[in-house]
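Undergrad: What follows is the file structure.txt, containing compact mmCIF, C-alpha atoms:
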```txt
# COMPACT_ATOMS: atom_id res chain seq x y z
CA MET Q 21 46.67 2.35 71.07
CA LYS Q 22 48.10 -1.00 69.96
CA ALA Q 23 51.73 -2.00 69.53
CA LEU Q 24 53.58 -3.83 66.79
CA VAL Q 25 56.84 -5.50 67.87
CA LEU Q 26 59.23 -6.64 65.16
CA ALA Q 27 60.95 -9.89 66.13
CA GLY Q 28 62.00 -11.23 62.75
CA GLY Q 29 65.10 -10.30 60.77
CA THR Q 30 68.30 -12.23 60.25
CA GLY Q 31 70.64 -10.53 62.74
CA SER Q 32 73.60 -10.76 60.37
CA ARG Q 33 75.89 -8.71 62.63
CA LEU Q 34 75.40 -11.23 65.45
CA ARG Q 35 76.34 -14.34 63.51
CA PRO Q 36 77.08 -17.12 64.36
CA PHE Q 37 74.67 -16.73 67.31
CA THR Q 38 71.75 -15.87 65.03
CA HIS Q 39 72.25 -18.95 62.90
CA THR Q 40 70.67 -20.93 65.71
CA ARG Q 41 68.40 -18.46 67.52
CA ALA Q 42 66.56 -15.18 67.09
CA LYS Q 43 68.61 -12.10 67.89
CA GLN Q 44 65.72 -10.85 70.05
CA LEU Q 45 66.32 -13.83 72.38
CA LEU Q 46 69.94 -13.05 73.14
CA PRO Q 47 70.10 -12.12 76.82
CA ILE Q 48 70.69 -8.87 78.65
CA ALA Q 49 71.29 -9.61 82.35
CA ASN Q 50 69.92 -13.13 81.73
CA ARG Q 51 66.63 -11.93 80.18
CA PRO Q 52 65.89 -12.03 76.43
CA VAL Q 53 66.13 -8.61 74.78
CA VAL Q 54 62.52 -8.83 73.57
CA HIS Q 55 61.32 -9.12 77.17
CA TYR Q 56 62.52 -5.57 77.82
CA ALA Q 57 60.57 -4.32 74.81
CA LEU Q 58 57.38 -6.05 75.92
CA GLN Q 59 57.78 -4.81 79.49
CA ALA Q 60 58.26 -1.23 78.25
CA ILE Q 61 55.09 -1.52 76.18
CA ALA Q 62 53.12 -2.91 79.13
CA ASP Q 63 54.44 -0.13 81.38
CA ALA Q 64 53.13 2.40 78.85
CA GLY Q 65 49.62 1.01 79.33
CA ILE Q 66 49.29 -0.75 75.97
CA GLU Q 67 47.63 -4.15 76.19
CA GLU Q 68 47.16 -5.46 72.64
CA VAL Q 69 50.41 -6.30 70.82
CA GLY Q 70 51.20 -7.87 67.47
CA VAL Q 71 54.55 -9.66 67.27
CA VAL Q 72 56.00 -10.05 63.78
CA VAL Q 73 58.16 -13.18 63.59
CA GLY Q 74 60.20 -14.92 60.91
CA SER Q 75 62.18 -18.13 60.69
CA HIS Q 76 62.74 -18.27 64.47
CA GLY Q 77 59.06 -17.74 65.24
CA ASP Q 78 58.65 -20.93 67.26
CA GLU Q 79 61.50 -19.89 69.58
CA ILE Q 80 59.96 -16.46 70.08
CA ARG Q 81 56.60 -18.04 70.93
CA GLN Q 82 58.23 -20.38 73.43
CA ALA Q 83 60.15 -17.56 75.13
CA VAL Q 84 57.26 -15.07 75.22
CA GLY Q 85 54.11 -17.17 75.29
CA ASP Q 86 50.75 -15.46 75.09
CA GLY Q 87 52.03 -12.30 76.76
CA SER Q 88 50.11 -12.81 80.00
CA ALA Q 89 53.35 -12.70 82.01
CA PHE Q 90 53.59 -9.03 80.97
CA GLY Q 91 49.88 -8.29 81.21
CA LEU Q 92 49.62 -8.25 77.39
CA ARG Q 93 47.50 -9.98 74.75
CA LEU Q 94 49.74 -11.10 71.91
CA THR Q 95 48.95 -11.92 68.30
CA TYR Q 96 51.75 -13.51 66.28
CA LEU Q 97 52.12 -12.42 62.66
CA HIS Q 98 54.36 -14.38 60.30
CA GLN Q 99 56.67 -12.54 57.91
CA ALA Q 100 57.98 -15.11 55.43
CA GLU Q 101 60.99 -12.98 54.49
CA PRO Q 102 62.57 -9.93 56.15
CA LEU Q 103 61.41 -7.43 53.53
CA GLY Q 104 61.61 -4.28 55.63
CA LEU Q 105 59.88 -2.50 58.50
CA ALA Q 106 57.22 -1.02 56.24
CA HIS Q 107 56.48 -4.51 54.92
CA ALA Q 108 55.87 -5.62 58.52
CA VAL Q 109 53.31 -2.84 58.87
CA LEU Q 110 51.76 -3.95 55.58
CA ILE Q 111 51.24 -7.56 56.68
CA ALA Q 112 49.88 -6.40 60.06
CA ARG Q 113 47.08 -4.35 58.46
CA ASP Q 114 44.22 -6.56 59.64
CA PHE Q 115 45.57 -6.74 63.18
CA LEU Q 116 46.14 -2.98 63.41
CA ALA Q 117 42.76 -2.13 61.84
CA ASP Q 118 42.18 1.63 62.18
CA ASP Q 119 43.89 2.03 65.55
CA ASP Q 120 46.86 4.20 66.36
CA PHE Q 121 49.89 2.05 67.15
CA LEU Q 122 53.41 2.00 68.49
CA LEU Q 123 56.03 0.37 66.24
CA TYR Q 124 58.90 -1.04 68.32
CA LEU Q 125 61.94 -2.98 67.12
CA GLY Q 126 62.20 -6.01 69.38
CA ASP Q 127 66.00 -5.93 69.62
CA ASN Q 128 66.01 -2.39 71.04
CA TYR Q 129 66.85 -1.54 74.61
CA LEU Q 130 65.73 1.84 76.00
CA GLU Q 131 66.69 2.46 79.59
CA ASP Q 132 63.73 4.77 80.28
CA GLY Q 133 61.13 2.82 78.32
CA VAL Q 134 58.48 4.43 76.12
CA THR Q 135 55.80 5.58 78.57
CA GLY Q 136 56.37 9.31 78.08
CA PHE Q 137 56.69 8.91 74.32
CA VAL Q 138 53.36 7.05 74.13
CA ARG Q 139 51.59 9.62 76.31
CA ARG Q 140 52.76 12.50 74.11
CA ALA Q 141 51.81 10.61 70.94
CA GLU Q 142 48.31 10.00 72.28
CA ALA Q 143 47.92 13.65 73.24
CA GLY Q 144 49.35 15.17 70.06
CA ARG Q 145 47.94 12.77 67.45
CA ASP Q 146 50.35 13.81 64.73
CA ALA Q 147 50.27 11.45 61.77
CA ALA Q 148 53.57 10.05 62.99
CA ARG Q 149 55.98 10.63 65.85
CA LEU Q 150 59.60 9.47 65.70
CA LEU Q 151 62.04 8.91 68.55
CA LEU Q 152 65.53 10.14 67.69
CA THR Q 153 68.90 10.31 69.39
CA PRO Q 154 72.16 12.06 68.44
CA VAL Q 155 74.87 9.61 67.33
CA PRO Q 156 78.57 10.01 66.47
CA ASP Q 157 78.25 8.27 63.08
CA PRO Q 158 74.85 8.94 61.47
CA THR Q 159 75.84 7.14 58.24
CA ALA Q 160 74.95 3.82 59.89
CA PHE Q 161 71.33 4.84 60.62
CA GLY Q 162 68.20 6.35 59.22
CA VAL Q 163 68.68 10.09 59.78
CA ALA Q 164 66.09 12.83 60.28
CA GLU Q 165 66.33 16.51 59.41
CA VAL Q 166 64.10 18.39 61.85
CA GLY Q 167 62.82 21.95 61.64
CA GLY Q 168 62.69 24.43 64.49
CA ASP Q 169 59.01 23.58 65.03
CA GLY Q 170 59.91 19.97 65.82
CA LEU Q 171 58.46 18.63 62.56
CA VAL Q 172 60.46 16.30 60.35
CA ARG Q 173 61.51 17.84 57.04
CA ARG Q 174 63.45 14.98 55.51
CA LEU Q 175 64.49 11.38 56.20
CA GLU Q 176 67.38 9.49 54.67
CA GLU Q 177 68.41 5.85 55.11
CA LYS Q 178 72.14 5.51 55.91
CA PRO Q 179 73.19 8.64 53.98
CA ASP Q 180 76.77 9.21 52.84
CA ARG Q 181 76.45 12.88 53.81
CA PRO Q 182 74.01 13.15 56.72
CA ARG Q 183 72.07 16.39 57.10
CA SER Q 184 71.98 15.93 60.89
CA ASP Q 185 73.25 13.65 63.64
CA LEU Q 186 69.75 12.59 64.70
CA ALA Q 187 69.25 8.87 64.18
CA LEU Q 188 66.02 6.88 64.18
CA ILE Q 189 66.20 4.38 67.01
CA GLY Q 190 63.39 2.00 66.12
CA VAL Q 191 60.47 3.48 68.05
CA TYR Q 192 57.61 5.12 66.14
CA ALA Q 193 54.01 6.10 66.83
CA PHE Q 194 51.59 6.11 63.89
CA THR Q 195 48.00 6.92 63.12
CA PRO Q 196 46.19 4.88 60.44
CA ALA Q 197 47.53 7.39 57.87
CA VAL Q 198 50.68 5.26 57.62
CA HIS Q 199 48.81 2.45 55.86
CA GLU Q 200 48.38 4.49 52.69
CA ALA Q 201 52.07 5.37 52.84
CA VAL Q 202 53.33 1.78 53.08
CA ARG Q 203 51.11 0.81 50.13
CA ALA Q 204 52.41 3.69 48.04
CA ILE Q 205 56.17 3.13 48.34
CA ARG Q 206 58.32 0.75 46.32
CA PRO Q 207 61.20 -1.49 47.45
CA SER Q 208 64.55 0.19 47.99
CA GLY Q 209 67.81 -0.79 46.33
CA ARG Q 210 68.25 -3.54 48.89
CA GLY Q 211 64.82 -4.97 48.07
CA GLU Q 212 63.04 -3.83 51.23
CA LEU Q 213 60.09 -1.58 51.97
CA GLU Q 214 61.80 1.05 54.12
CA ILE Q 215 59.86 2.70 56.93
CA THR Q 216 61.91 5.85 56.28
CA HIS Q 217 60.47 5.97 52.76
CA ALA Q 218 56.95 5.58 54.11
CA VAL Q 219 57.46 8.39 56.61
CA GLN Q 220 59.02 10.58 53.92
CA TRP Q 221 55.93 9.91 51.78
CA MET Q 222 53.82 11.20 54.67
CA VAL Q 223 55.96 14.35 54.95
CA ASP Q 224 55.80 14.94 51.18
CA HIS Q 225 52.01 14.67 51.28
CA GLY Q 226 51.67 17.32 53.97
CA LEU Q 227 51.08 15.08 56.99
CA ALA Q 228 52.53 16.16 60.31
CA VAL Q 229 55.49 14.01 61.37
CA ARG Q 230 56.88 15.12 64.70
CA ALA Q 231 60.32 14.32 66.10
CA GLU Q 232 61.21 13.69 69.70
CA THR Q 233 64.81 13.35 70.86
CA THR Q 234 66.34 11.49 73.77
CA ALA Q 235 69.86 11.41 75.11
CA ARG Q 236 69.11 8.57 77.51
CA PRO Q 237 70.91 5.23 77.04
CA TRP Q 238 69.70 3.29 74.02
CA ARG Q 239 71.10 0.28 72.20
CA ASP Q 240 69.79 -1.72 69.27
CA THR Q 241 71.78 -4.78 70.47
CA GLY Q 242 72.48 -5.62 66.85
CA SER Q 243 76.17 -6.28 67.49
CA VAL Q 244 78.21 -7.93 70.23
CA ASP Q 245 79.52 -4.57 71.47
CA ASP Q 246 76.01 -3.12 71.66
CA LEU Q 247 74.72 -6.18 73.48
CA LEU Q 248 77.52 -5.98 76.05
CA GLU Q 249 76.88 -2.26 76.54
CA ALA Q 250 73.16 -2.85 77.07
CA ASN Q 251 74.07 -5.57 79.56
CA ARG Q 252 76.21 -3.04 81.42
CA HIS Q 253 73.35 -0.52 81.60
CA VAL Q 254 70.88 -3.07 82.96
CA LEU Q 255 73.32 -4.47 85.52
CA ASP Q 256 74.03 -0.94 86.72
CA ARG Q 257 70.38 -0.68 87.82
CA MET Q 258 70.17 -4.15 89.37
CA GLU Q 259 69.87 -4.79 93.08
CA GLY Q 260 71.94 -7.50 94.72
CA ARG Q 261 70.35 -10.63 96.13
CA VAL Q 262 71.66 -14.06 97.11
CA ASP Q 263 69.24 -16.99 96.83
CA GLY Q 264 71.83 -19.61 95.85
CA LYS Q 265 74.65 -21.16 97.86
CA VAL Q 266 77.85 -19.22 98.54
CA ASP Q 267 80.49 -20.96 100.64
CA PRO Q 268 82.54 -19.23 103.40
CA ASP Q 269 85.64 -19.15 101.19
CA SER Q 270 83.94 -16.91 98.64
CA VAL Q 271 83.73 -13.11 98.62
CA LEU Q 272 80.92 -11.06 97.06
CA VAL Q 273 81.63 -7.38 96.46
CA GLY Q 274 78.95 -4.89 95.45
CA ARG Q 275 75.65 -5.75 93.77
CA VAL Q 276 75.66 -9.47 93.04
CA ARG Q 277 72.55 -11.52 92.27
CA ILE Q 278 72.86 -15.27 92.74
CA ALA Q 279 69.77 -17.22 91.64
CA GLU Q 280 68.37 -20.12 93.61
CA GLY Q 281 70.14 -23.31 92.58
CA ALA Q 282 73.43 -21.58 91.73
CA VAL Q 283 76.59 -22.49 93.67
CA VAL Q 284 79.68 -20.36 94.33
CA ARG Q 285 82.77 -21.96 95.87
CA GLY Q 286 86.12 -20.39 96.70
CA SER Q 287 85.55 -17.49 94.34
CA ARG Q 288 85.53 -13.70 94.28
CA ILE Q 289 82.63 -11.98 92.51
CA VAL Q 290 82.71 -8.23 91.99
CA GLY Q 291 79.36 -6.73 91.03
CA PRO Q 292 77.34 -5.87 89.27
CA VAL Q 293 77.03 -9.54 88.33
CA VAL Q 294 74.06 -11.84 87.82
CA VAL Q 295 74.38 -15.63 88.09
CA GLY Q 296 71.58 -17.86 86.81
CA ALA Q 297 70.04 -20.97 88.37
CA GLY Q 298 72.13 -24.11 88.16
CA ALA Q 299 75.38 -22.25 87.47
CA VAL Q 300 78.51 -23.36 89.36
CA ILE Q 301 81.44 -21.02 89.93
CA SER Q 302 84.51 -22.41 91.66
CA ASN Q 303 88.00 -21.08 92.35
CA SER Q 304 87.39 -18.18 90.01
CA SER Q 305 87.17 -14.41 89.74
CA VAL Q 306 84.03 -13.01 88.09
CA GLY Q 307 82.99 -9.45 87.25
CA PRO Q 308 82.24 -6.71 87.11
CA TYR Q 309 79.46 -6.26 84.53
CA THR Q 310 79.04 -9.95 83.83
CA ALA Q 311 75.93 -12.06 83.25
CA ILE Q 312 76.25 -15.81 83.80
CA ALA Q 313 73.21 -17.69 82.48
CA GLU Q 314 71.60 -20.87 83.76
CA ASP Q 315 73.68 -24.05 84.08
CA CYS Q 316 77.00 -22.39 83.25
CA ARG Q 317 80.22 -23.63 84.82
CA ILE Q 318 83.29 -21.52 85.58
CA GLU Q 319 86.30 -23.19 87.13
CA ASP Q 320 89.81 -21.87 87.88
CA SER Q 321 89.20 -18.88 85.63
CA ALA Q 322 88.76 -15.11 85.55
CA ILE Q 323 86.10 -13.34 83.50
CA GLY Q 324 84.59 -9.85 83.42
CA PHE Q 325 82.52 -7.46 81.27
CA SER Q 326 81.03 -10.47 79.50
CA VAL Q 327 77.86 -12.45 78.82
CA LEU Q 328 77.69 -16.26 79.02
CA LEU Q 329 74.69 -18.01 77.53
CA ARG Q 330 73.03 -21.07 79.03
CA GLY Q 331 75.30 -24.04 79.66
CA ALA Q 332 78.56 -22.33 78.70
CA CYS Q 333 81.71 -23.63 80.37
CA VAL Q 334 84.99 -21.84 81.10
CA GLU Q 335 87.82 -23.86 82.63
CA GLY Q 336 91.37 -22.95 83.55
CA SER Q 337 91.33 -19.67 81.64
CA SER Q 338 93.31 -16.53 82.25
CA ARG Q 339 91.34 -13.26 82.26
CA ILE Q 340 88.54 -13.10 79.67
CA GLU Q 341 86.91 -9.73 78.97
CA ALA Q 342 84.33 -8.14 76.63
CA SER Q 343 83.19 -11.56 75.40
CA LEU Q 344 79.93 -13.21 74.39
CA ILE Q 345 80.07 -16.98 74.85
CA GLY Q 346 77.29 -19.07 73.32
CA ARG Q 347 75.10 -21.87 74.62
CA GLU Q 348 76.97 -25.02 75.64
CA ALA Q 349 80.24 -23.50 74.38
CA VAL Q 350 83.44 -24.63 76.12
CA VAL Q 351 86.52 -22.51 76.75
CA ALA Q 352 89.35 -24.56 78.22
CA THR Q 353 93.11 -24.50 78.55
CA ALA Q 354 94.82 -26.19 75.66
CA PRO Q 355 97.03 -29.14 76.64
CA ARG Q 356 100.67 -28.13 76.83
CA PRO Q 357 102.60 -29.75 73.99
CA ALA Q 358 105.30 -32.20 74.95
CA HIS Q 359 108.87 -30.87 74.87
CA VAL Q 360 110.64 -32.06 71.76
CA HIS Q 361 114.37 -31.84 71.18
CA ARG Q 362 115.94 -31.94 67.74
CA LEU Q 363 119.60 -32.84 67.76
CA VAL Q 364 122.31 -32.97 65.16
CA LEU Q 365 125.30 -34.39 67.06
CA GLY Q 366 128.73 -35.07 65.87
CA ASP Q 367 130.72 -38.14 66.82
CA HIS Q 368 131.66 -38.52 70.49
CA SER Q 369 129.28 -35.69 71.59
CA LYS Q 370 127.67 -35.55 75.02
CA VAL Q 371 124.34 -33.80 75.68
CA GLN Q 372 122.46 -33.49 78.99
CA LEU Q 373 118.68 -32.89 78.65
CA ILE Q 374 116.73 -31.29 81.48
CA PRO Q 375 113.51 -33.28 81.99
```
Would you kindly transcribe this structure into structure tokens?
TA:
Amino acid sequence: MKALVLAGGTGSRLRPFTHTRAKQLLPIANRPVVHYALQAIADAGIEEVGVVVGSHGDEIRQAVGDGSAFGLRLTYLHQAEPLGLAHAVLIARDFLADDDFLLYLGDNYLEDGVTGFVRRAEAGRDAARLLLTPVPDPTAFGVAEVGGDGLVRRLEEKPDRPRSDLALIGVYAFTPAVHEAVRAIRPSGRGELEITHAVQWMVDHGLAVRAETTARPWRDTGSVDDLLEANRHVLDRMEGRVDGKVDPDSVLVGRVRIAEGAVVRGSRIVGPVVVGAGAVISNSSVGPYTAIAEDCRIEDSAIGFSVLLRGACVEGSSRIEASLIGREAVVATAPRPAHVHRLVLGDHSKVQLIP
């Protein structure tokens, strides 16, 4: 089995961050989101992976390389415009050949990976297998209606009146039968070739499409809130380790990971927290559930439940929470305006001003 990882798209819900970088490179616990996808694929025993990239393709290549760090062989496939998931399958036809494959959205985070899902797909060899999860608001997702036999009856993309609460979470297993389906469908109202339409085509033509559900933590990291929640899940599983310098006036509580080259002075850090190389934290309170990337600086401030990207600086700030702070961004105390007095005084008045 091969894998196809989608690492294009515009990431509109994560603007302005995605104006300058791919959404798949935003960090969870100081690692790009796409690294978790590639690691999950490697853990499942897949070795050959196609990575579909768009306008930020060079950044993805720089961050991922040839895949050898994960034990993978990568082939990069350029998608000139984000024309839908089924379009990505269409342009990957030569790479996929006639092999079964796993389709994985590169901005997804699944706590338990995909090893079990891949094993069951290989054993069952249904034309398609979909990974689903129950969600509170199915109108924001592709939704599956599943029969008692576990086979998909109907798929809808962001329906106004969902037939179930089971949402597609961006992980699919396909046999080569999907290639006929993606060629047969037409663009949707938003101008994209929808993978839900391709799968529905397979159902309508009598092919077996099996559903598998999970209640384990999953996030698509497509919004700031989802990214912060995924960060929380990863930090919850992290072990503490101190390789950097922590002075005697600092206190570390719980699971705190300080990278080599980081410095902590006169501060209190409550884990889980990860601090990247070159970061300096002084006279501050950090955590819990906070990821501080490389070369950040935090002085005389308090921050928790947040993610700071490389080179961010926070100075003299009262408590910051649930925040995503971009690369080289600066948060500082505004200068206090000078006191100004406006007077309308009558003749022979006397006023005493307190300096």
Undergrad: Give me, as JSON lines, the closest atom pair and its distance (Å, one decimal) for every residue of stretch 49-168 of chain Q within a cut-off of 6 Å of stretch 231-255 of chain Q, counting all atoms listed in the file, rows sorted by chain and rising number.
TA:
```
{"residue": "Q:Ala49", "atom": "CA", "partner": "Q:Asn251", "partner_atom": "CA", "distance": 5.6}
{"residue": "Q:Asp127", "atom": "CA", "partner": "Q:Asp240", "partner_atom": "CA", "distance": 5.7}
{"residue": "Q:Asn128", "atom": "CA", "partner": "Q:Asp240", "partner_atom": "CA", "distance": 4.2}
{"residue": "Q:Tyr129", "atom": "CA", "partner": "Q:Arg239", "partner_atom": "CA", "distance": 5.2}
{"residue": "Q:Leu130", "atom": "CA", "partner": "Q:Trp238", "partner_atom": "CA", "distance": 4.7}
{"residue": "Q:Glu131", "atom": "CA", "partner": "Q:Pro237", "partner_atom": "CA", "distance": 5.7}
{"residue": "Q:Arg149", "atom": "CA", "partner": "Q:Ala231", "partner_atom": "CA", "distance": 5.7}
{"residue": "Q:Leu150", "atom": "CA", "partner": "Q:Ala231", "partner_atom": "CA", "distance": 4.9}
{"residue": "Q:Leu151", "atom": "CA", "partner": "Q:Glu232", "partner_atom": "CA", "distance": 5.0}
{"residue": "Q:Leu152", "atom": "CA", "partner": "Q:Thr233", "partner_atom": "CA", "distance": 4.6}
{"residue": "Q:Thr153", "atom": "CA", "partner": "Q:Thr234", "partner_atom": "CA", "distance": 5.2}
```
Undergrad: Excluding Q:His361 and any residue of its chain fewer than 4 positions from it, enumerate the residues within 12 Å of it, using all atoms listed in the file, and give them as a list in words.
TA: Leu365, Val371, Gln372, Leu373, Ile374 and Pro375 of chain Q
Undergrad: I'd like the box whose edges run along x, y and z of the file and which contains every listed atom of stretch 75-86 of chain Q, padded by 8 Å per side; could you state its centre and edge lengths in Å, one decimal, as JSON?
TA:
```
{"center_x": 56.7, "center_y": -18.0, "center_z": 68.0, "size_x": 28.0, "size_y": 21.9, "size_z": 30.6}
```
Undergrad: Identify, on the basis of only C-alpha atoms, every residue whose closest approach to Q:Ala57 does not exceed 12 Å; exclude the query and any residue fewer than 5 positions from it along the same chain; express the result as a ChimeraX atom specification.
TA: /Q:23-27,44-45,48,51-52,62-64,66,69,71,84,87,90,92,122-135,190-191,238-240
Undergrad: Write the residues of the selection above to a file with C-alpha atoms, as a PDB file, in the frame of the given file.
TA:
```pdb
ATOM      1  CA  ALA Q  23      51.730  -2.000  69.530  1.00  0.00           C
ATOM      2  CA  LEU Q  24      53.580  -3.830  66.790  1.00  0.00           C
ATOM      3  CA  VAL Q  25      56.840  -5.500  67.870  1.00  0.00           C
ATOM      4  CA  LEU Q  26      59.230  -6.640  65.160  1.00  0.00           C
ATOM      5  CA  ALA Q  27      60.950  -9.890  66.130  1.00  0.00           C
ATOM      6  CA  GLN Q  44      65.720 -10.850  70.050  1.00  0.00           C
ATOM      7  CA  LEU Q  45      66.320 -13.830  72.380  1.00  0.00           C
ATOM      8  CA  ILE Q  48      70.690  -8.870  78.650  1.00  0.00           C
ATOM      9  CA  ARG Q  51      66.630 -11.930  80.180  1.00  0.00           C
ATOM     10  CA  PRO Q  52      65.890 -12.030  76.430  1.00  0.00           C
ATOM     11  CA  ALA Q  62      53.120  -2.910  79.130  1.00  0.00           C
ATOM     12  CA  ASP Q  63      54.440  -0.130  81.380  1.00  0.00           C
ATOM     13  CA  ALA Q  64      53.130   2.400  78.850  1.00  0.00           C
ATOM     14  CA  ILE Q  66      49.290  -0.750  75.970  1.00  0.00           C
ATOM     15  CA  VAL Q  69      50.410  -6.300  70.820  1.00  0.00           C
ATOM     16  CA  VAL Q  71      54.550  -9.660  67.270  1.00  0.00           C
ATOM     17  CA  VAL Q  84      57.260 -15.070  75.220  1.00  0.00           C
ATOM     18  CA  GLY Q  87      52.030 -12.300  76.760  1.00  0.00           C
ATOM     19  CA  PHE Q  90      53.590  -9.030  80.970  1.00  0.00           C
ATOM     20  CA  LEU Q  92      49.620  -8.250  77.390  1.00  0.00           C
ATOM     21  CA  LEU Q 122      53.410   2.000  68.490  1.00  0.00           C
ATOM     22  CA  LEU Q 123      56.030   0.370  66.240  1.00  0.00           C
ATOM     23  CA  TYR Q 124      58.900  -1.040  68.320  1.00  0.00           C
ATOM     24  CA  LEU Q 125      61.940  -2.980  67.120  1.00  0.00           C
ATOM     25  CA  GLY Q 126      62.200  -6.010  69.380  1.00  0.00           C
ATOM     26  CA  ASP Q 127      66.000  -5.930  69.620  1.00  0.00           C
ATOM     27  CA  ASN Q 128      66.010  -2.390  71.040  1.00  0.00           C
ATOM     28  CA  TYR Q 129      66.850  -1.540  74.610  1.00  0.00           C
ATOM     29  CA  LEU Q 130      65.730   1.840  76.000  1.00  0.00           C
ATOM     30  CA  GLU Q 131      66.690   2.460  79.590  1.00  0.00           C
ATOM     31  CA  ASP Q 132      63.730   4.770  80.280  1.00  0.00           C
ATOM     32  CA  GLY Q 133      61.130   2.820  78.320  1.00  0.00           C
ATOM     33  CA  VAL Q 134      58.480   4.430  76.120  1.00  0.00           C
ATOM     34  CA  THR Q 135      55.800   5.580  78.570  1.00  0.00           C
ATOM     35  CA  GLY Q 190      63.390   2.000  66.120  1.00  0.00           C
ATOM     36  CA  VAL Q 191      60.470   3.480  68.050  1.00  0.00           C
ATOM     37  CA  TRP Q 238      69.700   3.290  74.020  1.00  0.00           C
ATOM     38  CA  ARG Q 239      71.100   0.280  72.200  1.00  0.00           C
ATOM     39  CA  ASP Q 240      69.790  -1.720  69.270  1.00  0.00           C
TER      40      ASP Q 240
END
```
Undergrad: Please list as a list in words every residue within 6 Å of Q:Ser326, counting all atoms listed in the file and excluding residues in the same chain fewer than 3 positions away.
TA: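 In the requested form, the answer reads Thr310, Glu341, Ala342, Ser343 and Leu344 of chain Q.
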Undergrad: Selection from above, C-alpha atoms, as a PDB file, in the coordinates of the input, can you write it?
TA:
```pdb
ATOM      1  CA  THR Q 310      79.040  -9.950  83.830  1.00  0.00           C
ATOM      2  CA  GLU Q 341      86.910  -9.730  78.970  1.00  0.00           C
ATOM      3  CA  ALA Q 342      84.330  -8.140  76.630  1.00  0.00           C
ATOM      4  CA  SER Q 343      83.190 -11.560  75.400  1.00  0.00           C
ATOM      5  CA  LEU Q 344      79.930 -13.210  74.390  1.00  0.00           C
TER       6      LEU Q 344
END
```
Undergrad: Of the candidates Q:Asp224, Q:Glu68, Q:Glu319, Q:Glu314, which one gets nearest to Q:Gly331 if we count all atoms listed in the file?
TA: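 Looking only at the distances to Q:Gly331, the closest residue turns out to be Q:Glu314.
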Undergrad: Which neighbours of stretch 299-301 of chain Q fall inside 12 Å, counting all atoms listed in the file, when residues of the same chain fewer than 5 positions from it are skipped, and could you give them as a PyMOL selection string?
TA: chain Q and resi 264-267+270-271+278-289+294+306-307+311-323+328-336
Undergrad: Could you give me, as a PyMOL selection string, the residues within 7 Å of Q:Arg261, counting all atoms listed in the file and dropping anything in the same chain fewer than 2 positions from it?
TA: chain Q and resi 259+263+276-278
Undergrad: What is the distance, in Å and to one decimal place, between atom CA of Q:Ala193 and atom CA of Q:Phe121?
TA: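 That distance, rounded to one decimal, is 5.8 Å.
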Undergrad: Name the closest residue to Q:Phe115 among the candidates Q:Val166, Q:Val293, Q:Val219, Q:Leu94; distances are taken between atoms, counting all atoms listed in the file.
TA: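 Of the candidates, the smallest distance to Q:Phe115 is held by Q:Leu94.
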